[in-house]
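Coordinates as given in input.txt (compact mmCIF, C-alpha atoms and all ligand atoms):
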```txt
# COMPACT_ATOMS: atom_id res chain seq x y z
CA MET A 1 194.71 9.70 63.00
CA ASP A 2 193.99 8.51 66.55
CA GLY A 3 191.51 5.91 65.35
CA SER A 4 189.19 8.42 63.67
CA ALA A 5 188.30 7.08 60.24
CA ARG A 6 188.77 9.11 57.06
CA PRO A 7 185.92 7.59 55.01
CA SER A 8 186.67 9.69 51.93
CA THR A 9 189.99 7.93 51.32
CA GLU A 10 188.79 4.44 52.34
CA GLY A 11 192.17 3.64 53.89
CA GLY A 12 193.82 4.38 50.54
CA VAL A 13 196.32 6.90 51.87
CA ASP A 14 199.17 4.48 51.16
CA VAL A 15 198.21 4.45 47.49
CA LEU A 16 197.90 8.24 47.32
CA VAL A 17 201.29 8.70 49.00
CA ALA A 18 202.91 6.21 46.61
CA LEU A 19 201.42 8.04 43.60
CA LEU A 20 202.39 11.48 44.94
CA ASP A 21 205.98 10.28 45.53
CA GLN A 22 206.31 9.22 41.89
CA LEU A 23 204.70 12.36 40.51
CA ARG A 24 206.49 14.91 42.69
CA HIS A 25 209.91 13.48 41.76
CA GLY A 26 208.88 13.30 38.08
CA ARG A 27 209.61 9.56 37.97
CA ALA A 28 206.19 8.82 36.50
CA VAL A 29 204.15 11.15 34.28
CA THR A 30 201.26 8.94 33.09
CA ARG A 31 198.89 6.38 34.63
CA PRO A 32 200.71 3.46 32.89
CA ASP A 33 204.02 4.83 34.34
CA LEU A 34 202.46 4.85 37.79
CA VAL A 35 201.25 1.26 37.41
CA GLN A 36 204.68 0.14 36.26
CA ARG A 37 206.70 2.02 38.90
CA THR A 38 204.52 1.31 41.95
CA GLY A 39 203.30 -2.19 41.11
CA ILE A 40 199.78 -1.07 42.10
CA GLY A 41 196.92 -2.36 39.90
CA ARG A 42 195.52 -0.24 37.08
CA GLY A 43 192.08 0.23 38.59
CA VAL A 44 193.48 1.33 41.95
CA VAL A 45 195.90 3.75 40.26
CA SER A 46 193.07 5.28 38.20
CA LYS A 47 190.91 5.73 41.27
CA GLY A 48 193.82 7.21 43.24
CA VAL A 49 194.69 9.64 40.43
CA ALA A 50 191.03 10.69 40.19
CA GLU A 51 191.01 11.40 43.92
CA LEU A 52 194.25 13.42 43.74
CA ILE A 53 192.85 15.44 40.83
CA GLY A 54 189.62 15.98 42.79
CA ARG A 55 191.64 17.26 45.75
CA GLY A 56 193.57 19.70 43.54
CA LEU A 57 196.94 18.04 44.13
CA VAL A 58 197.41 16.60 40.63
CA GLU A 59 196.30 17.69 37.16
CA GLU A 60 196.29 16.43 33.60
CA HIS A 61 198.18 18.45 31.03
CA GLY A 62 198.16 17.16 27.48
CA THR A 63 198.98 13.71 26.16
CA GLY A 64 202.19 11.66 26.17
CA LYS A 65 203.71 9.33 23.60
CA SER A 66 201.54 6.41 22.51
CA SER A 67 203.03 2.94 22.80
CA GLY A 68 200.57 1.45 20.32
CA GLY A 69 197.11 2.27 21.64
CA ARG A 70 195.57 5.56 22.72
CA ALA A 71 198.15 8.11 23.87
CA PRO A 72 198.13 8.38 27.70
CA ARG A 73 197.24 11.67 29.42
CA LEU A 74 200.18 13.39 31.09
CA LEU A 75 199.96 13.96 34.84
CA ARG A 76 201.75 16.40 37.10
CA LEU A 77 201.79 17.41 40.73
CA ARG A 78 200.17 20.83 41.11
CA ALA A 79 203.40 22.06 42.65
CA GLU A 80 202.12 25.64 42.63
CA ALA A 81 199.20 24.74 44.93
CA GLY A 82 201.39 25.94 47.77
CA HIS A 83 204.97 26.93 48.48
CA LEU A 84 207.83 26.08 50.83
CA LEU A 85 210.22 28.40 52.62
CA ALA A 86 213.84 27.19 52.60
CA VAL A 87 216.48 28.83 54.80
CA ASP A 88 220.21 28.18 54.98
CA VAL A 89 221.87 29.84 57.95
CA GLY A 90 225.67 29.83 57.81
CA VAL A 91 228.28 31.25 60.19
CA THR A 92 228.65 34.34 57.97
CA SER A 93 225.54 34.35 55.73
CA VAL A 94 221.82 33.73 55.55
CA ALA A 95 220.12 32.47 52.37
CA VAL A 96 216.36 32.32 51.86
CA ALA A 97 214.44 30.68 49.02
CA ILE A 98 210.87 30.04 47.97
CA ALA A 99 210.32 26.59 46.48
CA ASP A 100 207.31 24.91 44.94
CA LEU A 101 205.79 21.77 46.46
CA ALA A 102 208.09 19.58 44.35
CA GLY A 103 211.01 21.28 46.14
CA ARG A 104 212.14 23.31 43.10
CA VAL A 105 213.62 26.67 44.07
CA VAL A 106 211.72 29.46 42.29
CA ALA A 107 213.24 32.51 43.99
CA HIS A 108 216.38 32.95 46.04
CA THR A 109 218.24 35.66 47.92
CA GLU A 110 221.24 35.78 50.24
CA GLU A 111 223.04 38.32 52.40
CA PRO A 112 225.96 38.41 54.85
CA ALA A 113 225.02 37.64 58.46
CA ASP A 114 226.78 37.02 61.74
CA LEU A 115 225.71 33.84 63.52
CA ALA A 116 227.07 35.30 66.77
CA ALA A 117 224.37 38.02 66.63
CA GLY A 118 222.07 35.32 68.01
CA PRO A 119 219.03 33.41 66.74
CA GLU A 120 216.46 36.21 67.10
CA ALA A 121 218.50 38.69 65.04
CA VAL A 122 219.42 36.16 62.33
CA LEU A 123 215.90 34.71 62.04
CA ASP A 124 214.41 38.24 61.97
CA ARG A 125 216.53 38.88 58.87
CA ALA A 126 215.37 35.57 57.36
CA ASP A 127 211.74 36.66 57.98
CA ALA A 128 212.37 39.99 56.27
CA LEU A 129 214.09 38.38 53.26
CA TYR A 130 211.18 35.93 52.94
CA ARG A 131 208.64 38.79 52.98
CA GLU A 132 210.53 40.54 50.18
CA LEU A 133 210.69 37.37 48.08
CA ALA A 134 207.07 36.41 48.77
CA GLY A 135 205.95 39.88 47.73
CA SER A 136 207.38 39.35 44.27
CA GLN A 137 206.18 35.73 43.94
CA HIS A 138 202.79 35.72 45.58
CA ALA A 139 200.71 35.81 42.42
CA GLU A 140 202.08 32.52 41.10
CA HIS A 141 202.18 30.43 44.26
CA GLY A 142 199.66 29.40 46.85
CA ASP A 143 199.97 29.52 50.64
CA LEU A 144 203.02 28.59 52.67
CA TRP A 145 202.87 24.84 53.47
CA GLY A 146 206.05 24.31 55.46
CA ILE A 147 209.59 25.41 56.27
CA GLY A 148 212.96 23.65 55.98
CA ILE A 149 215.99 25.26 57.60
CA GLY A 150 219.65 24.35 58.01
CA VAL A 151 221.73 25.85 60.85
CA PRO A 152 225.38 25.35 61.89
CA GLY A 153 226.24 22.89 64.66
CA VAL A 154 224.55 19.81 66.04
CA VAL A 155 220.75 19.78 65.84
CA ASP A 156 218.18 17.54 67.53
CA PHE A 157 216.23 16.87 64.35
CA ARG A 158 213.12 15.46 66.05
CA ALA A 159 212.85 18.41 68.43
CA GLY A 160 213.94 21.09 65.92
CA ARG A 161 216.42 22.49 68.44
CA CYS A 162 220.15 23.36 68.44
CA THR A 163 222.08 21.14 70.87
CA ALA A 164 225.74 21.92 70.18
CA PRO A 165 225.94 25.18 68.18
CA PRO A 166 229.28 26.84 67.34
CA VAL A 167 228.22 30.00 69.24
CA PRO A 168 226.66 29.93 72.74
CA SER A 169 223.65 32.17 71.97
CA TRP A 170 222.06 29.37 69.89
CA GLU A 171 222.46 26.72 72.61
CA SER A 172 219.13 24.90 73.26
CA PHE A 173 217.29 27.42 71.07
CA SER A 174 214.18 25.96 69.42
CA VAL A 175 214.37 27.14 65.81
CA ARG A 176 211.21 25.14 65.16
CA ASP A 177 209.10 26.92 67.81
CA ARG A 178 210.37 30.34 66.78
CA LEU A 179 209.50 29.90 63.08
CA ALA A 180 206.26 27.97 63.71
CA GLU A 181 204.97 30.77 65.98
CA ARG A 182 205.53 33.37 63.26
CA GLN A 183 204.33 31.37 60.24
CA GLY A 184 201.88 28.80 61.64
CA VAL A 185 203.23 25.91 59.56
CA PRO A 186 205.31 22.78 60.27
CA VAL A 187 209.07 23.44 60.47
CA TRP A 188 211.97 21.01 60.04
CA VAL A 189 215.45 21.94 61.28
CA ASP A 190 218.72 20.17 60.54
CA ASN A 191 222.45 20.77 60.57
CA GLU A 192 223.41 22.94 57.56
CA VAL A 193 225.87 20.36 56.16
CA ASN A 194 223.20 17.63 56.28
CA VAL A 195 220.91 19.97 54.38
CA MET A 196 223.63 20.72 51.79
CA ALA A 197 224.20 16.98 51.29
CA LEU A 198 220.46 16.56 50.72
CA GLY A 199 220.60 19.32 48.09
CA GLU A 200 223.41 17.47 46.35
CA LEU A 201 221.41 14.24 46.47
CA ARG A 202 218.35 15.92 44.98
CA ALA A 203 219.83 18.24 42.37
CA GLY A 204 223.60 17.86 42.24
CA VAL A 205 226.35 15.31 41.59
CA ALA A 206 224.93 12.83 44.12
CA ARG A 207 221.68 12.28 42.20
CA ASP A 208 222.60 8.78 41.02
CA HIS A 209 224.28 7.69 44.25
CA ARG A 210 222.93 5.93 47.35
CA CYS A 211 225.96 6.09 49.63
CA VAL A 212 227.58 9.51 49.80
CA VAL A 213 229.97 11.40 52.06
CA TYR A 214 229.80 15.20 51.92
CA ALA A 215 232.67 17.35 53.21
CA LYS A 216 232.05 21.06 53.65
CA LEU A 217 235.30 23.00 53.63
CA GLY A 218 234.35 26.47 54.73
CA THR A 219 235.66 28.61 57.56
CA TRP A 220 234.90 25.52 59.60
CA ILE A 221 234.89 21.87 58.38
CA GLY A 222 231.70 19.84 58.53
CA GLY A 223 230.51 16.54 57.13
CA ALA A 224 227.40 14.56 56.28
CA VAL A 225 226.81 10.90 55.46
CA ILE A 226 224.03 9.52 53.26
CA VAL A 227 223.45 5.77 53.54
CA ASP A 228 221.00 3.97 51.29
CA GLY A 229 219.66 7.28 49.97
CA ARG A 230 218.93 8.69 53.45
CA LEU A 231 220.80 11.02 55.75
CA HIS A 232 222.49 9.24 58.64
CA ARG A 233 222.01 11.66 61.55
CA GLY A 234 223.17 9.37 64.36
CA ALA A 235 221.76 8.85 67.86
CA GLU A 236 222.30 12.48 68.94
CA GLY A 237 222.45 14.19 65.55
CA SER A 238 226.23 14.54 65.64
CA ALA A 239 227.11 11.98 62.95
CA ALA A 240 229.89 12.87 60.48
CA GLU A 241 231.42 15.70 62.55
CA LEU A 242 234.42 15.59 60.23
CA GLY A 243 236.05 18.66 61.80
CA HIS A 244 236.67 16.76 65.05
CA VAL A 245 238.31 13.66 63.56
CA ARG A 246 241.72 13.52 65.24
CA ILE A 247 244.54 13.44 62.73
CA SER A 248 247.51 14.64 64.81
CA ASP A 249 248.99 14.03 68.27
CA ASP A 250 250.79 17.39 68.34
CA PRO A 251 249.92 18.97 71.73
CA ASN A 252 250.27 22.44 70.18
CA VAL A 253 247.37 21.88 67.77
CA VAL A 254 244.37 22.77 69.93
CA CYS A 255 240.83 22.70 68.52
CA ARG A 256 238.02 25.00 69.68
CA CYS A 257 236.47 21.90 71.29
CA GLY A 258 239.44 21.86 73.68
CA ARG A 259 240.97 18.63 72.36
CA ILE A 260 244.16 18.35 70.37
CA GLY A 261 244.79 17.34 66.76
CA CYS A 262 241.26 17.82 65.33
CA LEU A 263 241.07 18.24 61.54
CA ALA A 264 239.46 21.68 61.88
CA ALA A 265 242.55 22.90 63.76
CA LEU A 266 244.80 21.75 60.87
CA ALA A 267 242.76 22.66 57.78
CA GLY A 268 239.82 24.71 56.55
CA GLY A 269 239.25 28.36 55.78
CA SER A 270 240.41 29.91 59.05
CA TRP A 271 243.55 27.73 59.05
CA LEU A 272 244.36 28.83 55.47
CA ALA A 273 243.78 32.49 56.31
CA ARG A 274 245.87 32.33 59.49
CA ASN A 275 248.80 30.59 57.78
CA GLY A 276 248.55 32.76 54.68
CA GLU A 277 248.83 35.85 56.86
CA ARG A 278 251.78 34.39 58.78
CA LEU A 279 253.63 33.64 55.53
CA ALA A 280 252.90 37.16 54.28
CA ARG A 281 254.37 38.65 57.45
CA GLU A 282 257.41 36.38 57.27
CA GLY A 283 258.09 37.61 53.73
CA MET A 284 257.66 34.12 52.23
CA SER A 285 255.10 35.19 49.61
CA SER A 286 255.16 38.51 47.78
CA MET A 287 251.62 37.98 46.47
CA LEU A 288 250.19 37.46 49.97
CA ALA A 289 252.32 40.32 51.31
CA ASP A 290 250.68 42.58 48.69
CA VAL A 291 247.23 41.43 49.81
CA LEU A 292 248.13 42.06 53.47
CA ALA A 293 249.45 45.54 52.69
CA ARG A 294 246.35 46.41 50.67
CA ALA A 295 243.55 44.82 52.75
CA GLY A 296 245.14 44.62 56.20
CA ARG A 297 244.49 40.87 56.37
CA VAL A 298 244.68 37.65 54.36
CA GLU A 299 241.62 35.48 53.75
CA ALA A 300 241.32 31.88 52.56
CA THR A 301 240.13 33.06 49.14
CA ASP A 302 243.34 35.14 48.81
CA VAL A 303 245.43 32.00 49.37
CA SER A 304 243.39 30.13 46.70
CA TRP A 305 243.76 33.01 44.30
CA ALA A 306 247.53 33.28 44.87
CA ALA A 307 247.93 29.50 44.49
CA SER A 308 246.17 29.55 41.13
CA HIS A 309 248.36 32.46 39.99
CA GLY A 310 251.66 30.69 40.51
CA ASP A 311 252.46 31.42 44.18
CA HIS A 312 254.31 28.29 45.33
CA VAL A 313 253.92 28.99 49.03
CA SER A 314 250.13 29.35 48.71
CA ARG A 315 249.99 26.23 46.58
CA ALA A 316 251.86 24.30 49.28
CA LEU A 317 249.31 25.49 51.86
CA ILE A 318 246.40 24.34 49.69
CA VAL A 319 248.05 20.94 49.19
CA GLU A 320 248.75 20.54 52.92
CA ASN A 321 245.15 21.50 53.67
CA GLY A 322 243.95 18.88 51.16
CA ARG A 323 246.21 16.18 52.60
CA HIS A 324 244.80 16.73 56.09
CA VAL A 325 241.20 16.68 54.82
CA GLY A 326 241.93 13.44 52.92
CA HIS A 327 243.43 11.95 56.08
CA ALA A 328 240.16 12.44 57.99
CA LEU A 329 238.01 11.41 55.01
CA ALA A 330 239.94 8.12 54.71
CA VAL A 331 238.71 7.20 58.19
CA VAL A 332 235.13 7.73 56.99
CA VAL A 333 235.76 5.87 53.70
CA ASN A 334 237.00 2.80 55.58
CA ILE A 335 233.84 2.74 57.70
CA VAL A 336 231.11 3.95 55.31
CA ASN A 337 232.42 2.75 51.90
CA PRO A 338 230.73 5.53 49.87
CA SER A 339 230.50 5.54 46.06
CA LEU A 340 230.89 9.33 46.02
CA ILE A 341 232.60 12.01 48.10
CA VAL A 342 231.36 15.55 47.43
CA ILE A 343 233.64 18.46 48.38
CA GLY A 344 231.65 21.63 49.06
CA GLY A 345 232.07 24.95 50.91
CA GLY A 346 234.01 28.06 49.90
CA VAL A 347 237.45 26.43 50.13
CA SER A 348 236.35 23.69 47.67
CA GLN A 349 236.75 26.23 44.86
CA ALA A 350 240.51 26.39 45.53
CA GLY A 351 241.49 24.62 42.31
CA ASP A 352 242.53 21.17 41.19
CA ASP A 353 245.57 20.95 43.49
CA LEU A 354 243.21 20.72 46.46
CA LEU A 355 241.15 17.90 44.98
CA ALA A 356 244.28 16.03 43.87
CA ALA A 357 245.77 16.26 47.38
CA ILE A 358 242.54 15.06 48.99
CA ARG A 359 242.33 12.15 46.53
CA GLU A 360 245.94 11.12 47.03
CA SER A 361 245.61 11.16 50.80
CA ILE A 362 242.38 9.13 50.77
CA TYR A 363 243.88 6.54 48.42
CA ALA A 364 247.00 6.20 50.58
CA ARG A 365 244.98 5.50 53.74
CA SER A 366 241.93 3.53 52.59
CA MET A 367 241.41 -0.10 51.66
CA PRO A 368 241.95 -0.50 47.88
CA VAL A 369 238.57 -2.18 47.52
CA ALA A 370 236.89 0.91 49.02
CA THR A 371 238.50 3.32 46.54
CA ARG A 372 238.37 1.16 43.39
CA ASN A 373 235.21 2.86 42.09
CA LEU A 374 235.13 5.83 44.46
CA VAL A 375 234.30 9.15 42.78
CA ILE A 376 235.57 12.37 44.41
CA GLN A 377 233.97 15.53 43.03
CA ARG A 378 233.39 19.17 43.77
CA THR A 379 229.80 20.30 44.44
CA THR A 380 227.79 21.31 41.38
CA VAL A 381 225.14 23.25 43.32
CA ALA A 382 227.56 25.56 45.15
CA GLY A 383 225.73 28.44 46.76
CA LEU A 384 222.28 26.96 46.24
CA GLY A 385 222.86 23.51 47.79
CA GLY A 386 221.67 24.59 51.24
CA VAL A 387 218.31 25.99 50.17
CA ILE A 388 217.69 23.19 47.63
CA GLY A 389 218.30 20.69 50.43
CA ALA A 390 216.16 22.59 52.94
CA ALA A 391 213.27 22.68 50.44
CA ALA A 392 213.69 18.96 49.67
CA MET A 393 213.65 18.18 53.39
CA ALA A 394 210.39 20.10 53.94
CA ALA A 395 208.75 18.49 50.87
CA ASP A 396 209.81 14.96 51.91
CA GLU A 397 208.50 15.44 55.43
CA ILE A 398 205.18 17.00 54.33
CA PHE A 399 204.56 14.13 51.89
CA ALA A 400 205.54 11.41 54.40
CA ARG A 401 202.74 8.88 54.85
CA ARG A 402 201.65 9.69 58.41
CA ARG A 403 201.54 13.42 57.73
CA VAL A 404 199.62 13.15 54.45
CA ALA A 405 196.99 11.16 56.35
CA GLU A 406 196.71 14.10 58.76
CA TRP A 407 196.45 17.00 56.31
CA LEU A 408 194.80 15.39 53.27
CA ASP A 409 191.23 16.28 54.17
CA ALA A 410 192.11 19.90 54.95
CA GLY A 411 194.02 20.04 51.64
CA THR A 412 197.09 21.68 53.25
CA PRO A 413 199.40 21.27 56.26
CA ALA A 414 199.26 25.06 56.83
CA GLY A 415 197.97 25.93 60.28
CA ARG A 416 199.21 22.58 61.66
CA PRO A 417 202.74 23.26 63.01
CA GLU A 418 202.42 20.27 65.37
CA LEU A 419 202.67 17.95 62.33
CA ALA A 420 206.46 18.50 62.37
CA SER A 421 206.87 16.66 65.68
CA LEU A 422 204.79 13.71 64.50
CA ALA A 423 207.06 10.72 63.82
CA ALA A 424 206.74 10.01 60.11
ZN ZN B 501 237.71 19.43 67.88
```
Could you take the file, read its structure, and then write that structure out as structure tokens?
Ligand SMILES: [Zn+2]
Amino acid sequence: MDGSARPSTEGGVDVLVALLDQLRHGRAVTRPDLVQRTGIGRGVVSKGVAELIGRGLVEEHGTGKSSGGRAPRLLRLRAEAGHLLAVDVGVTSVAVAIADLAGRVVAHTEEPADLAAGPEAVLDRADALYRELAGSQHAEHGDLWGIGIGVPGVVDFRAGRCTAPPVPSWESFSVRDRLAERQGVPVWVDNEVNVMALGELRAGVARDHRCVVYAKLGTWIGGAVIVDGRLHRGAEGSAAELGHVRISDDPNVVCRCGRIGCLAALAGGSWLARNGERLAREGMSSMLADVLARAGRVEATDVSWAASHGDHVSRALIVENGRHVGHALAVVVNIVNPSLIVIGGGVSQAGDDLLAAIRESIYARSMPVATRNLVIQRTTVAGLGGVIGAAAMAADEIFARRRVAEWLDAGTPAGRPELASLAA
């Protein structure tokens, strides 16, 4: 605000932000709810609600249940006043979604992509997919308010830039600047696994948890940690790099980072595919040999499929993979003491043997007190977790106190891309 007064709100931005937070998460739906949940006095709540209605951010819609007296009017965020663009860039895919201002995904599309094609090519495709989606949705939703995007590798969240991507062409690339130039709105960029964990926290199995570890078992292995309901990104944004937890001293196990014994060199999708193909060639598995003969290669999903159809060799691979993942997760469990571990990514669909092996390995290596009430579950928002999380990230940042103070009078953060770099 730089000292310039906003007389219309009389310094009441804190109240408006508190009310908006309750309404956009659906925690409160009437004025008495708002009073009860925020602890703010009735008169101040009424005045705040009136202001939010006047600004077109909130509306009344019918009446709720009476608790004796007059039935209270129902309130809702006018989530259709604008929309958010959510993007989930993976190593082999790009997903794009349109969400309302409450972060609910209203349209979604996905296609194969190659991260190695570079940021311009991948983000051009994301732009095109967004245009197609927006064309079909435009009538129902207002202007674009902001963008949330997850990308592979380590991200400097405050700068919106890739700092340690898995492919060199993304190194130091400012995803924020690129998207903000095209769309003219604030953009928030984070590591794709962080964004998936946020999706789980908002709409998946992690909804009722405050301390969560997320393990993404895809081609690569990534992790995310949520402490006290918030993502723990770390000093450089590289927190929870599960794939580089060292679990072996074997000098022959070399990771792409150049070190030996990293989890990602001993488990994950590419490890499963590589070993499945080796076993097929060695004549150890007739099922995998059939796949190899037919398709010319073996993929991780083929190993999962064979394991669930009675192939003992594939099952042993899945179990070994799970044991290694559990080994690394036990290190995190001993330090973070989560109440929930979520297993996501394509390999997570490999069947119950995988989850059982992960569980057994964690239990064997963690303090009993840390695992007494620990829940280990597969993701329930598979496929959509990334875009749900990216939308939630954009919504949370737009409705953060310092930013609301900046865009409230204009009625929208559109046209203010610099708001993203403002510390909230
Ligand atoms: Zn490594």
Could you produce a table of the residues of chain A lying within 10 Å of ligand ZN 501 (chain B), with the nearest pair of atoms per residue and their separation in Å rounded to one decimal, using all atoms listed in the file, ordered by chain and increasing residue number, as CSV?
```
residue,atom,partner,partner_atom,distance
A:Glu241,CA,B:ZN501,ZN,9.0
A:Leu242,CA,B:ZN501,ZN,9.2
A:Gly243,CA,B:ZN501,ZN,6.3
A:His244,CA,B:ZN501,ZN,4.0
A:Val245,CA,B:ZN501,ZN,7.2
A:Arg246,CA,B:ZN501,ZN,7.6
A:Val253,CA,B:ZN501,ZN,10.0
A:Val254,CA,B:ZN501,ZN,7.7
A:Cys255,CA,B:ZN501,ZN,4.6
A:Arg256,CA,B:ZN501,ZN,5.9
A:Cys257,CA,B:ZN501,ZN,4.4
A:Gly258,CA,B:ZN501,ZN,6.5
A:Arg259,CA,B:ZN501,ZN,5.6
A:Ile260,CA,B:ZN501,ZN,7.0
A:Gly261,CA,B:ZN501,ZN,7.5
A:Cys262,CA,B:ZN501,ZN,4.7
A:Leu263,CA,B:ZN501,ZN,7.3
A:Ala264,CA,B:ZN501,ZN,6.6
A:Ala265,CA,B:ZN501,ZN,7.2
```
Next item on the list: Kindly give the distance, in Å, that separates CA of Asp114 in chain A and CA of Leu144 in chain A, rounded to a single decimal.
Entry: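 Computed distance, CA of Asp114 in chain A to CA of Leu144 in chain A, equals 26.8 Å.
Shortest atom-to-atom contact with Ala206 in chain A among A:Thr109, A:Asn194, A:Gln377, A:Ser67: A:Gln377, counting only C-alpha atoms.
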With all atoms listed in the file as the counted atoms, please give the residues lying no more than 10 Å from Ala102 in chain A, apart from itself and same-chain residues fewer than 6 positions off, as an NGL selection string.
:A and (20-21 or 23-26 or 77-80 or 82-84 or 391-392 or 394-396 or 399)
Could you give me, as number ranges by chain, the residues within 12 Å of Cys211 in chain A, counting all atoms listed in the file and dropping anything in the same chain fewer than 2 positions from it? A: 197-198, 201, 206-209, 213-214, 224-232, 332-333, 335-342, 374-375
Keeping C-alpha atoms for every residue in the selection just given, could you write it to a file as an mmCIF file, in the frame of the given file?
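Saved file out-v8.cif follows:
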```
data_model
loop_
_atom_site.group_PDB
_atom_site.id
_atom_site.type_symbol
_atom_site.label_atom_id
_atom_site.label_comp_id
_atom_site.auth_asym_id
_atom_site.auth_seq_id
_atom_site.Cartn_x
_atom_site.Cartn_y
_atom_site.Cartn_z
ATOM 1 C CA ALA A 197 224.200 16.980 51.290
ATOM 2 C CA LEU A 198 220.460 16.560 50.720
ATOM 3 C CA LEU A 201 221.410 14.240 46.470
ATOM 4 C CA ALA A 206 224.930 12.830 44.120
ATOM 5 C CA ARG A 207 221.680 12.280 42.200
ATOM 6 C CA ASP A 208 222.600 8.780 41.020
ATOM 7 C CA HIS A 209 224.280 7.690 44.250
ATOM 8 C CA VAL A 213 229.970 11.400 52.060
ATOM 9 C CA TYR A 214 229.800 15.200 51.920
ATOM 10 C CA ALA A 224 227.400 14.560 56.280
ATOM 11 C CA VAL A 225 226.810 10.900 55.460
ATOM 12 C CA ILE A 226 224.030 9.520 53.260
ATOM 13 C CA VAL A 227 223.450 5.770 53.540
ATOM 14 C CA ASP A 228 221.000 3.970 51.290
ATOM 15 C CA GLY A 229 219.660 7.280 49.970
ATOM 16 C CA ARG A 230 218.930 8.690 53.450
ATOM 17 C CA LEU A 231 220.800 11.020 55.750
ATOM 18 C CA HIS A 232 222.490 9.240 58.640
ATOM 19 C CA VAL A 332 235.130 7.730 56.990
ATOM 20 C CA VAL A 333 235.760 5.870 53.700
ATOM 21 C CA ILE A 335 233.840 2.740 57.700
ATOM 22 C CA VAL A 336 231.110 3.950 55.310
ATOM 23 C CA ASN A 337 232.420 2.750 51.900
ATOM 24 C CA PRO A 338 230.730 5.530 49.870
ATOM 25 C CA SER A 339 230.500 5.540 46.060
ATOM 26 C CA LEU A 340 230.890 9.330 46.020
ATOM 27 C CA ILE A 341 232.600 12.010 48.100
ATOM 28 C CA VAL A 342 231.360 15.550 47.430
ATOM 29 C CA LEU A 374 235.130 5.830 44.460
ATOM 30 C CA VAL A 375 234.300 9.150 42.780
#
```
A straight line from CA of Arg278 in chain A to CA of Gly296 in chain A spans 12.5 Å
| message | Would you pick out the contacts of Val189 in chain A at 10 Å or less, using all atoms listed in the file, so that residues sharing its chain but fewer than 2 positions from it are not included, and give the list as a list in words? | response |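 Counting only the stated atoms, we get Val87, Ile147, Gly148, Ile149, Gly150, Val151, Val155, Asp156, Phe157, Arg158, Ala159, Gly160, Arg161, Cys162, Ser174, Val175, Arg176, Val187, Asn191, Glu192, Val195, Ala390, Met393, Ala394 and Ala420 of chain A.
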Rounded to one decimal place, report the CA of Arg359 in chain A-CA of Ala382 in chain A distance in Å.
->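 So the answer is 20.0 Å.
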Of A:Ile40, A:Val17, A:Ala107, A:Val29, the one nearest to Val387 in chain A when counting only C-alpha atoms is A:Ala107
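Using only C-alpha atoms for every distance, the candidate list A:Pro112, A:Gly39, A:Gly48, A:Gly415 yields A:Gly415 as the residue closest to Val185 in chain A.
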